[in-house]
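Structure below is structure_35.txt: compact mmCIF, C-alpha atoms and all ligand atoms.
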# COMPACT_ATOMS: atom_id res chain seq x y z
CA MET K 1 136.74 26.44 16.84
CA ASN K 2 135.24 25.10 20.04
CA ASN K 3 137.56 22.22 20.83
CA ILE K 4 139.85 23.27 23.64
CA LEU K 5 141.43 19.98 24.58
CA ARG K 6 141.78 16.77 22.65
CA ALA K 7 143.51 13.61 23.83
CA LYS K 8 144.12 10.97 21.18
CA ASN K 9 145.12 7.46 22.15
CA LEU K 10 146.97 8.89 25.10
CA GLY K 11 149.21 6.57 27.08
CA LYS K 12 151.85 6.88 29.77
CA VAL K 13 154.16 4.15 30.99
CA TYR K 14 156.35 4.73 34.04
CA ARG K 15 159.36 2.49 34.39
CA VAL K 16 160.26 1.71 37.98
CA GLY K 17 163.31 -0.55 38.10
CA LYS K 18 162.41 -3.30 35.67
CA ILE K 19 158.68 -2.89 36.01
CA ASP K 20 156.49 -0.97 33.59
CA ILE K 21 153.50 0.76 35.10
CA HIS K 22 150.84 1.53 32.52
CA ALA K 23 149.36 4.55 34.29
CA VAL K 24 147.28 5.82 31.34
CA ARG K 25 146.16 3.58 28.50
CA GLY K 26 144.58 4.60 25.21
CA VAL K 27 142.61 7.58 26.45
CA ASN K 28 140.54 9.50 23.93
CA LEU K 29 138.84 12.62 25.17
CA ASP K 30 137.50 15.91 23.84
CA VAL K 31 136.66 18.97 25.89
CA GLU K 32 134.72 21.77 24.24
CA LYS K 33 134.67 25.43 25.18
CA GLY K 34 132.42 26.12 28.16
CA GLU K 35 132.23 22.52 29.34
CA PHE K 36 132.50 21.37 32.94
CA VAL K 37 133.81 17.81 32.87
CA SER K 38 134.75 15.55 35.75
CA ILE K 39 137.05 12.56 35.60
CA VAL K 40 136.41 10.19 38.46
CA GLY K 41 138.03 6.95 39.51
CA PRO K 42 139.77 5.22 42.41
CA SER K 43 143.15 6.22 43.76
CA GLY K 44 145.97 5.02 41.50
CA CYS K 45 143.82 4.70 38.37
CA GLY K 46 145.88 7.30 36.50
CA LYS K 47 143.90 10.52 36.98
CA SER K 48 146.79 12.77 37.98
CA THR K 49 148.98 11.31 35.26
CA LEU K 50 146.26 12.06 32.72
CA LEU K 51 145.95 15.61 34.03
CA HIS K 52 149.71 16.13 33.78
CA LEU K 53 149.64 14.90 30.19
CA MET K 54 146.67 17.09 29.29
CA GLY K 55 148.32 20.13 30.85
CA GLY K 56 151.61 19.59 29.02
CA MET K 57 153.45 18.94 32.28
CA ALA K 58 154.49 15.44 31.25
CA LYS K 59 155.14 13.83 27.89
CA PRO K 60 153.01 10.89 26.79
CA THR K 61 154.49 7.51 25.91
CA THR K 62 151.88 7.13 23.18
CA GLY K 63 149.32 9.40 21.61
CA LYS K 64 148.90 13.13 21.47
CA VAL K 65 147.39 16.10 23.26
CA PHE K 66 146.01 19.05 21.33
CA ILE K 67 145.27 22.39 22.99
CA GLU K 68 143.08 24.53 20.72
CA GLY K 69 144.29 22.36 17.87
CA THR K 70 148.00 22.73 18.66
CA ASP K 71 149.73 19.36 18.89
CA LEU K 72 151.84 19.58 22.06
CA SER K 73 154.24 16.96 20.71
CA MET K 74 155.12 19.11 17.69
CA ILE K 75 156.27 22.21 19.56
CA SER K 76 159.35 23.03 21.61
CA ASP K 77 159.56 22.72 25.39
CA GLY K 78 159.53 26.51 25.57
CA GLU K 79 156.39 26.81 23.46
CA ARG K 80 154.73 24.12 25.56
CA ALA K 81 155.63 26.00 28.73
CA LYS K 82 154.10 29.14 27.24
CA ILE K 83 150.82 27.36 26.46
CA ARG K 84 150.77 25.96 29.99
CA ARG K 85 151.42 29.39 31.46
CA ASP K 86 149.07 31.44 29.28
CA LYS K 87 146.17 29.05 28.68
CA ILE K 88 145.88 26.71 31.65
CA GLY K 89 145.05 27.38 35.28
CA PHE K 90 146.04 24.55 37.60
CA VAL K 91 144.41 23.82 40.95
CA PHE K 92 145.90 21.14 43.20
CA GLN K 93 144.87 19.22 46.28
CA ARG K 94 147.61 20.87 48.34
CA PHE K 95 146.89 24.41 47.09
CA ASN K 96 150.62 25.10 46.43
CA LEU K 97 150.46 28.70 47.64
CA PHE K 98 153.60 30.50 48.75
CA SER K 99 153.32 30.44 52.54
CA ALA K 100 155.42 33.57 53.11
CA LEU K 101 153.21 35.65 50.81
CA ASN K 102 149.71 36.95 51.40
CA SER K 103 146.80 36.21 49.05
CA GLN K 104 147.34 39.33 47.00
CA GLN K 105 151.05 38.62 46.55
CA ASN K 106 150.34 35.02 45.55
CA LEU K 107 148.08 36.33 42.80
CA GLU K 108 150.56 39.04 41.83
CA ILE K 109 153.28 36.47 41.19
CA ALA K 110 151.01 34.44 38.92
CA MET K 111 150.05 37.60 37.06
CA GLN K 112 153.61 38.87 36.67
CA ILE K 113 154.76 35.61 35.12
CA CYS K 114 152.23 36.04 32.32
CA HIS K 115 152.38 39.78 31.81
CA ASN K 116 156.05 40.76 31.74
CA GLY K 117 156.02 41.84 35.35
CA ASN K 118 152.90 44.00 35.07
CA ILE K 119 150.31 43.77 37.80
CA ASP K 120 146.66 44.75 37.49
CA HIS K 121 145.65 45.41 41.09
CA GLN K 122 142.06 46.05 40.15
CA ARG K 123 141.77 42.64 38.52
CA ILE K 124 143.27 40.95 41.58
CA LYS K 125 140.63 42.62 43.75
CA GLU K 126 137.86 41.58 41.36
CA ILE K 127 139.00 37.96 41.25
CA MET K 128 139.30 37.80 45.04
CA LYS K 129 135.75 39.14 45.21
CA LEU K 130 134.62 36.50 42.76
CA VAL K 131 135.87 33.77 45.10
CA GLY K 132 134.30 35.52 48.10
CA LEU K 133 137.57 36.59 49.73
CA GLU K 134 137.78 40.32 49.00
CA ASN K 135 138.48 40.91 52.70
CA LYS K 136 141.35 38.40 52.83
CA LEU K 137 143.85 40.04 50.47
CA GLN K 138 146.41 40.61 53.22
CA HIS K 139 146.11 37.18 54.80
CA LYS K 140 148.89 34.63 54.39
CA PRO K 141 147.90 31.00 53.75
CA LEU K 142 148.29 29.96 57.40
CA GLU K 143 145.95 32.80 58.40
CA LEU K 144 143.22 31.29 56.23
CA SER K 145 141.10 28.16 56.60
CA MET K 146 141.87 25.26 54.28
CA GLY K 147 138.78 26.05 52.24
CA GLU K 148 139.83 29.69 51.93
CA GLN K 149 143.32 28.64 50.88
CA GLN K 150 141.84 26.58 48.09
CA ARG K 151 139.67 29.51 47.01
CA VAL K 152 142.82 31.69 46.85
CA ALA K 153 144.43 28.96 44.75
CA ILE K 154 141.40 29.01 42.44
CA ALA K 155 141.67 32.82 42.27
CA ARG K 156 145.32 32.43 41.32
CA ALA K 157 144.36 29.96 38.58
CA LEU K 158 141.85 32.50 37.23
CA VAL K 159 144.04 35.55 37.36
CA ASN K 160 145.32 35.23 33.79
CA ASN K 161 141.94 34.41 32.35
CA PRO K 162 142.81 30.83 31.36
CA LEU K 163 141.28 28.96 28.48
CA LEU K 164 141.01 25.91 30.71
CA ILE K 165 141.15 25.09 34.40
CA LEU K 166 142.58 21.69 35.34
CA ALA K 167 141.76 20.86 38.96
CA ASP K 168 143.32 17.77 40.52
CA GLU K 169 141.44 16.65 43.66
CA PRO K 170 140.73 20.27 44.69
CA THR K 171 138.58 19.06 47.59
CA GLY K 172 140.94 16.26 48.67
CA ASN K 173 142.14 18.15 51.76
CA LEU K 174 138.83 19.74 52.68
CA ASP K 175 135.99 18.85 55.03
CA SER K 176 132.56 18.46 53.52
CA ALA K 177 131.40 22.05 54.14
CA ASN K 178 134.48 23.51 52.46
CA SER K 179 134.38 20.91 49.67
CA TYR K 180 130.86 22.01 48.93
CA LYS K 181 131.91 25.67 48.75
CA VAL K 182 134.81 24.92 46.41
CA LEU K 183 132.71 22.73 44.13
CA TYR K 184 129.96 25.33 43.92
CA LEU K 185 132.52 28.03 43.25
CA LEU K 186 133.75 25.98 40.27
CA LYS K 187 130.15 25.49 39.17
CA ASP K 188 129.50 29.25 39.34
CA LEU K 189 132.64 30.03 37.37
CA ASN K 190 131.49 27.63 34.70
CA ARG K 191 127.88 28.84 34.60
CA ASN K 192 128.45 32.56 34.96
CA LEU K 193 131.76 33.08 33.18
CA GLY K 194 131.66 30.12 30.82
CA GLN K 195 134.93 28.93 32.32
CA THR K 196 135.95 25.56 30.88
CA ILE K 197 136.89 23.18 33.70
CA VAL K 198 138.20 19.64 34.01
CA LEU K 199 137.78 18.40 37.58
CA ILE K 200 139.61 15.29 38.68
CA THR K 201 138.42 13.48 41.78
CA HIS K 202 138.22 10.05 43.40
CA ASN K 203 134.95 11.14 45.01
CA GLN K 204 131.80 10.08 43.16
CA GLU K 205 129.71 12.64 45.02
CA ALA K 206 132.03 15.52 44.05
CA SER K 207 132.12 14.40 40.41
CA LYS K 208 128.37 15.00 40.11
CA ILE K 209 128.88 18.76 40.19
CA ALA K 210 130.11 18.60 36.58
CA ASP K 211 127.82 18.47 33.57
CA ARG K 212 129.67 15.51 32.08
CA LYS K 213 131.22 12.70 34.04
CA ILE K 214 133.96 10.42 32.76
CA GLU K 215 134.82 7.28 34.72
CA MET K 216 138.37 5.96 34.78
CA LYS K 217 139.72 2.62 35.90
CA ASP K 218 143.16 1.01 35.48
CA GLY K 219 144.36 3.87 33.28
CA MET K 220 141.41 3.69 30.91
CA ILE K 221 138.16 5.51 30.41
CA ILE K 222 135.42 3.03 31.17
CA SER K 223 132.38 5.21 30.72
CA LEU K 224 131.34 8.54 29.34
CA SER K 225 128.09 10.26 30.22
N1 LIG P 301 156.28 9.49 38.73
C1 LIG P 301 155.83 8.22 38.79
N2 LIG P 301 156.69 7.19 38.68
C2 LIG P 301 156.25 5.94 38.72
N3 LIG P 301 154.97 5.57 38.88
C3 LIG P 301 154.07 6.55 39.00
C4 LIG P 301 154.46 7.92 38.98
N4 LIG P 301 153.34 8.68 39.13
C5 LIG P 301 152.33 7.82 39.24
N5 LIG P 301 152.75 6.54 39.18
C6 LIG P 301 151.92 5.32 39.22
O1 LIG P 301 150.99 5.42 38.15
C7 LIG P 301 149.71 4.97 38.56
C8 LIG P 301 148.71 6.10 38.41
O2 LIG P 301 149.02 7.13 39.35
P1 LIG P 301 148.24 8.52 39.41
O3 LIG P 301 148.17 9.07 38.03
O4 LIG P 301 148.87 9.34 40.46
O5 LIG P 301 146.78 8.03 39.85
P2 LIG P 301 145.60 8.80 40.61
O6 LIG P 301 145.82 10.26 40.44
O7 LIG P 301 144.36 8.32 39.95
O8 LIG P 301 145.66 8.38 42.04
C9 LIG P 301 149.87 4.46 39.98
O9 LIG P 301 150.11 3.07 39.92
C10 LIG P 301 151.09 5.21 40.47
O10 LIG P 301 151.75 4.47 41.47
MG MG P 302 145.95 11.78 41.83

Turn this file's structure into structure tokens for me.
Ligand SMILES: Nc1ncnc2c1ncn2[C@@H]1O[C@H](COP(=O)(O)OP(=O)(O)O)[C@@H](O)[C@H]1O
Ligand SMILES: [Mg+2]
Amino acid sequence: MNNILRAKNLGKVYRVGKIDIHAVRGVNLDVEKGEFVSIVGPSGCGKSTLLHLMGGMAKPTTGKVFIEGTDLSMISDGERAKIRRDKIGFVFQRFNLFSALNSQQNLEIAMQICHNGNIDHQRIKEIMKLVGLENKLQHKPLELSMGEQQRVAIARALVNNPLLILADEPTGNLDSANSYKVLYLLKDLNRNLGQTIVLITHNQEASKIADRKIEMKDGMIISLS
């Protein structure tokens, strides 16, 4: 089976005081194994909400998310957390690295969570090499450039060999040179390792790196290419 992610009539309403905010409305989307898909749209159009729904981090108001055919609404919170942990690698705009830990330790923590405390040091070295930072294992986040920090965060997302990478504005904090490096790193991971990636961005230029671009506006998908 090649379908990794399926969203069916997905909707999310936030209630703030007495106001309903329809952040995501009736989204249908399929992502197949090996695809590199971007979702692009202006700030506030519901991209992050959609990513949280797709990654099982938030529950939809309407509709369903399937990961490899498993309906996330039909399983327990614990089972959903396990799918999130074992199958999805998240990359965020703010990197979310532990600042007191060096690159290697940041990867070790991610690996331990998935593997009952076991650490494969060789794999950590290989992944850091893959992102071009094999000489930065001992550096803490503040001893790295912003672009390098994001590459460590991508390495962390890869460490457990995820089925799917969900990246939310991974270049949002980066200058254009570093954005370019991060986008081409994602492209390489997709091309060379067949890594399935969903990239979310407000930047039209960045979205072009993907093979398939989906445009979002006002919580809805307005075009598929
Ligand atoms: N936790 C929340 N509570 C209430 N409203 C929210 C929450 N998160 C997002 N929103 C609102 O939902 C809409 C979509 O937000 P978001 O998914 O963050 O969009 P994007 O990532 O495209 O900028 C916005 O109007 C935002 O203000
Ligand atoms: Mg967002």

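Each of K:Val159, K:Ile88, K:Ala81, K:Leu130 was compared to His115 (chain K) using all atoms listed in the file, and K:Val159 turns out to be the nearest.
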
Please, which residues in chain K fall within 10 Å of ligand LIG 301 (chain P) when counting all atoms listed in the file, and what is the closest atom pair and distance in Å to one decimal for each, ordered by chain then residue number, as a tab-separated table?
residue	atom	partner	partner_atom	distance
K:Lys12	CA	P:LIG301	O1	8.5
K:Val13	CA	P:LIG301	O1	7.9
K:Tyr14	CA	P:LIG301	C2	4.8
K:Arg15	CA	P:LIG301	C2	6.4
K:Val16	CA	P:LIG301	C2	5.9
K:Gly17	CA	P:LIG301	C2	9.6
K:Ile19	CA	P:LIG301	C2	9.6
K:Asp20	CA	P:LIG301	N3	8.5
K:Ile21	CA	P:LIG301	O1	6.1
K:His22	CA	P:LIG301	O1	6.8
K:Ala23	CA	P:LIG301	O1	4.3
K:Val24	CA	P:LIG301	C8	7.2
K:Ile39	CA	P:LIG301	O7	9.5
K:Val40	CA	P:LIG301	O7	8.3
K:Gly41	CA	P:LIG301	O7	6.5
K:Pro42	CA	P:LIG301	O7	6.1
K:Ser43	CA	P:LIG301	O8	3.7
K:Gly44	CA	P:LIG301	O8	3.4
K:Cys45	CA	P:LIG301	O7	4.0
K:Gly46	CA	P:LIG301	O3	3.3
K:Lys47	CA	P:LIG301	O7	3.7
K:Ser48	CA	P:LIG301	O6	3.6
K:Thr49	CA	P:LIG301	O3	3.7
K:Leu50	CA	P:LIG301	O3	6.4
K:Leu51	CA	P:LIG301	O3	8.0
K:His52	CA	P:LIG301	O3	8.4
K:Leu53	CA	P:LIG301	O3	9.9
K:Ala58	CA	P:LIG301	N1	9.7
K:Asp168	CA	P:LIG301	O6	7.9
K:Glu169	CA	P:LIG301	O6	8.4
K:Ile200	CA	P:LIG301	O6	8.2
K:Thr201	CA	P:LIG301	O7	8.1
K:His202	CA	P:LIG301	O7	7.3
K:Met216	CA	P:LIG301	O7	8.3
K:Lys217	CA	P:LIG301	O7	8.4
K:Asp218	CA	P:LIG301	C8	8.1
K:Gly219	CA	P:LIG301	C8	7.1

Let me see the file: selected residues, C-alpha atoms, as a PDB file, in the frame of the given file.
ATOM      1  CA  LYS K  12     151.850   6.880  29.770  1.00  0.00           C
ATOM      2  CA  VAL K  13     154.160   4.150  30.990  1.00  0.00           C
ATOM      3  CA  TYR K  14     156.350   4.730  34.040  1.00  0.00           C
ATOM      4  CA  ARG K  15     159.360   2.490  34.390  1.00  0.00           C
ATOM      5  CA  VAL K  16     160.260   1.710  37.980  1.00  0.00           C
ATOM      6  CA  GLY K  17     163.310  -0.550  38.100  1.00  0.00           C
ATOM      7  CA  ILE K  19     158.680  -2.890  36.010  1.00  0.00           C
ATOM      8  CA  ASP K  20     156.490  -0.970  33.590  1.00  0.00           C
ATOM      9  CA  ILE K  21     153.500   0.760  35.100  1.00  0.00           C
ATOM     10  CA  HIS K  22     150.840   1.530  32.520  1.00  0.00           C
ATOM     11  CA  ALA K  23     149.360   4.550  34.290  1.00  0.00           C
ATOM     12  CA  VAL K  24     147.280   5.820  31.340  1.00  0.00           C
ATOM     13  CA  ILE K  39     137.050  12.560  35.600  1.00  0.00           C
ATOM     14  CA  VAL K  40     136.410  10.190  38.460  1.00  0.00           C
ATOM     15  CA  GLY K  41     138.030   6.950  39.510  1.00  0.00           C
ATOM     16  CA  PRO K  42     139.770   5.220  42.410  1.00  0.00           C
ATOM     17  CA  SER K  43     143.150   6.220  43.760  1.00  0.00           C
ATOM     18  CA  GLY K  44     145.970   5.020  41.500  1.00  0.00           C
ATOM     19  CA  CYS K  45     143.820   4.700  38.370  1.00  0.00           C
ATOM     20  CA  GLY K  46     145.880   7.300  36.500  1.00  0.00           C
ATOM     21  CA  LYS K  47     143.900  10.520  36.980  1.00  0.00           C
ATOM     22  CA  SER K  48     146.790  12.770  37.980  1.00  0.00           C
ATOM     23  CA  THR K  49     148.980  11.310  35.260  1.00  0.00           C
ATOM     24  CA  LEU K  50     146.260  12.060  32.720  1.00  0.00           C
ATOM     25  CA  LEU K  51     145.950  15.610  34.030  1.00  0.00           C
ATOM     26  CA  HIS K  52     149.710  16.130  33.780  1.00  0.00           C
ATOM     27  CA  LEU K  53     149.640  14.900  30.190  1.00  0.00           C
ATOM     28  CA  ALA K  58     154.490  15.440  31.250  1.00  0.00           C
ATOM     29  CA  ASP K 168     143.320  17.770  40.520  1.00  0.00           C
ATOM     30  CA  GLU K 169     141.440  16.650  43.660  1.00  0.00           C
ATOM     31  CA  ILE K 200     139.610  15.290  38.680  1.00  0.00           C
ATOM     32  CA  THR K 201     138.420  13.480  41.780  1.00  0.00           C
ATOM     33  CA  HIS K 202     138.220  10.050  43.400  1.00  0.00           C
ATOM     34  CA  MET K 216     138.370   5.960  34.780  1.00  0.00           C
ATOM     35  CA  LYS K 217     139.720   2.620  35.900  1.00  0.00           C
ATOM     36  CA  ASP K 218     143.160   1.010  35.480  1.00  0.00           C
ATOM     37  CA  GLY K 219     144.360   3.870  33.280  1.00  0.00           C
TER      38      GLY K 219
END

Rounded to one decimal in Å, what is the spacing between CA of Pro170 (chain K) and CA of Asp77 (chain K)?
-> 27.1 Å

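Straight-line separation from CA of Arg80 (chain K) to CA of Gly117 (chain K): 20.3 Å.
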
Measuring atom to atom with all atoms listed in the file, identify which of K:Ile221, K:Ala167, K:Val31, K:Ile197 is nearest to ligand MG 302 (chain P).
->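 When distances to ligand MG 302 (chain P) are compared using all atoms listed in the file, the smallest one comes from K:Ala167.
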
For CA of Val152 (chain K) and CA of Leu29 (chain K), quote the distance in Å rounded to one decimal.
-> 29.1 Å

Which of K:Arg85, K:Lys125, K:Arg94, K:His139 sits closest to ligand MG 302 (chain P) [using only C-alpha atoms and all ligand atoms] = K:Arg94

Pick out the closest residue to Glu143 (chain K) from this set: K:Leu193, K:Leu101, K:Val27, K:Val65. Count all atoms listed in the file.
->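 Of all the options, K:Leu101 lies closest to Glu143 (chain K).
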
Proximity to ligand MG 302 (chain P) - best of K:Glu79, K:Gln93, K:Asn173, K:Leu189, only C-alpha atoms and all ligand atoms |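 Ranked by minimum distance to ligand MG 302 (chain P), first place goes to K:Gln93.
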
Nearest residue to ligand MG 302 (chain P) from the set K:Cys114, K:Leu199, K:Ile83, K:Val131 (distances using all atoms listed in the file) =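 Under the stated criterion, the closest residue is K:Leu199.
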
List every protein, DNA or RNA residue that has an atom no more than 10 Å from (134.2, 22.0, 47.0) in the file's coordinate frame, counting all atoms listed in the file, and report them as a PyMOL selection string.
-> chain K and resi 147+150-151+169-172+174-187+206+209

May I have the protein, DNA and RNA residues with an atom at most 10 Å from (149.0, 19.8, 22.5), counting all atoms listed in the file in the file's coordinates, returned as a list in words?
->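 Returned residue set, sorted by chain then number, is Ile4, Leu5, Arg6, Ala7, Leu53, Met54, Gly55, Gly56, Lys64, Val65, Phe66, Ile67, Glu68, Gly69, Thr70, Asp71, Leu72, Ser73, Met74, Ile75, Arg80, Ile83 and Arg84 of chain K.
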